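*Asks:* Have a look at this one.
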Amino acid sequence: MHHANNMYNYHIWANKVLLERVKELPSNVLYEEVSSSYPNIAQTFSHIYVVDVMWLQVLKGFDMKEALEASIALLEKTNLFSVDEFVESFEELASQYEKWMNSQKDLEQKINLNNPWSGARETAYSEILFHVTNHGTYHRGNITTMLRQQGYASTMNDLSLYWYQS
């Protein structure tokens, strides 16, 4: 298995672990306003999800600006998702990523990524998968902080734990 596939699998595992932790807590934890990058945990998971959707579209050949515009339409809906809806949506998206990855012969193949903020760059599929994982890790850290602000412990979802559980 290519290292990028494994990193993406870690991303899926870590989202699931953190969502399972949130599921153990009172339902209002998801929507409780906190002082962080996003107003609440639901909007943070929504952001992770929508960005993951956008990057899958880029991997499938859509222009980044078009993929971004299409995925932003999901924000309003996903901002209000329940934990179960997030779990289901992330699982469905993971199966779409897996289908895409299984169709690729070379994850080191490069595409011309035209980022609306940064410009054009030759980018390997593997780099995009690493970015998706890194982006998710960053925001899972935000969610851990949000849980602590509400008086709850988070759960370990580090890559090193994934190594032992996969």
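Ordering of the structure tokens sets the chain letters (A, B, ...); residue numbers start at 1 within each chain; ligands are numbered from 1 in the order shown.
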Region 86-149 of chain A near region 3-23 of chain A within 6 Å: what's each residue's closest atom pair and its distance in Å to one decimal, counting only C-alpha atoms, ordered by chain then ascending residue number, as CSV?

*Replies:*
residue,atom,partner,partner_atom,distance
A:Ser126,CA,A:Ala4,CA,5.3
A:Leu129,CA,A:Ala4,CA,5.9
A:Thr133,CA,A:His11,CA,5.2

*Asks:* Pull N, CA and C atoms from the residues just selected and write them as a PDB file, in the first residue's frame.

*Replies:*
ATOM      1  N   SER A 126      -0.454  12.095  -4.347  1.00  0.00           N
ATOM      2  CA  SER A 126      -0.056  11.752  -2.977  1.00  0.00           C
ATOM      3  C   SER A 126       0.058  12.995  -2.101  1.00  0.00           C
ATOM      4  N   LEU A 129      -3.387  13.905  -0.936  1.00  0.00           N
ATOM      5  CA  LEU A 129      -3.841  13.003   0.121  1.00  0.00           C
ATOM      6  C   LEU A 129      -3.161  13.325   1.451  1.00  0.00           C
ATOM      7  N   THR A 133      -5.091  14.729   4.963  1.00  0.00           N
ATOM      8  CA  THR A 133      -4.836  14.158   6.284  1.00  0.00           C
ATOM      9  C   THR A 133      -4.333  15.224   7.252  1.00  0.00           C
TER      10      THR A 133
END

*Asks:* Identify, on the basis of only C-alpha atoms, every residue whose closest approach to region 61-65 of chain A does not exceed 8 Å; exclude the query and any residue fewer than 6 positions from it along the same chain; express the result as a list in words.

*Replies:*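 The filter keeps Met54, Trp55, Leu113, Asn114, Asn115 and Pro116 of chain A.
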
*Asks:* So which residues touch Tyr49 (chain A) within 9 Å, counting only C-alpha atoms, skipping near sequence neighbours fewer than 4 positions away, as a list in words?

*Replies:*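 In the requested form, the answer reads Thr44, Phe45, Val53, Met54, Leu75, Thr78, Phe86, Ser89, Phe90, Leu93 and Gly136 of chain A.
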
*Asks:* From the set A:Tyr152, A:Leu59, A:Asn40, A:Asn142, which residue has the shortest atom-to-atom contact distance to Glu127 (chain A), counting only C-alpha atoms?

*Replies:*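 Nearest candidate to Glu127 (chain A) out of A:Tyr152, A:Leu59, A:Asn40, A:Asn142: A:Leu59.
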
*Asks:* CA of Leu161 (chain A) and CA of His2 (chain A), how far apart in Å?

*Replies:*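 These atoms are spaced 19.4 Å apart.
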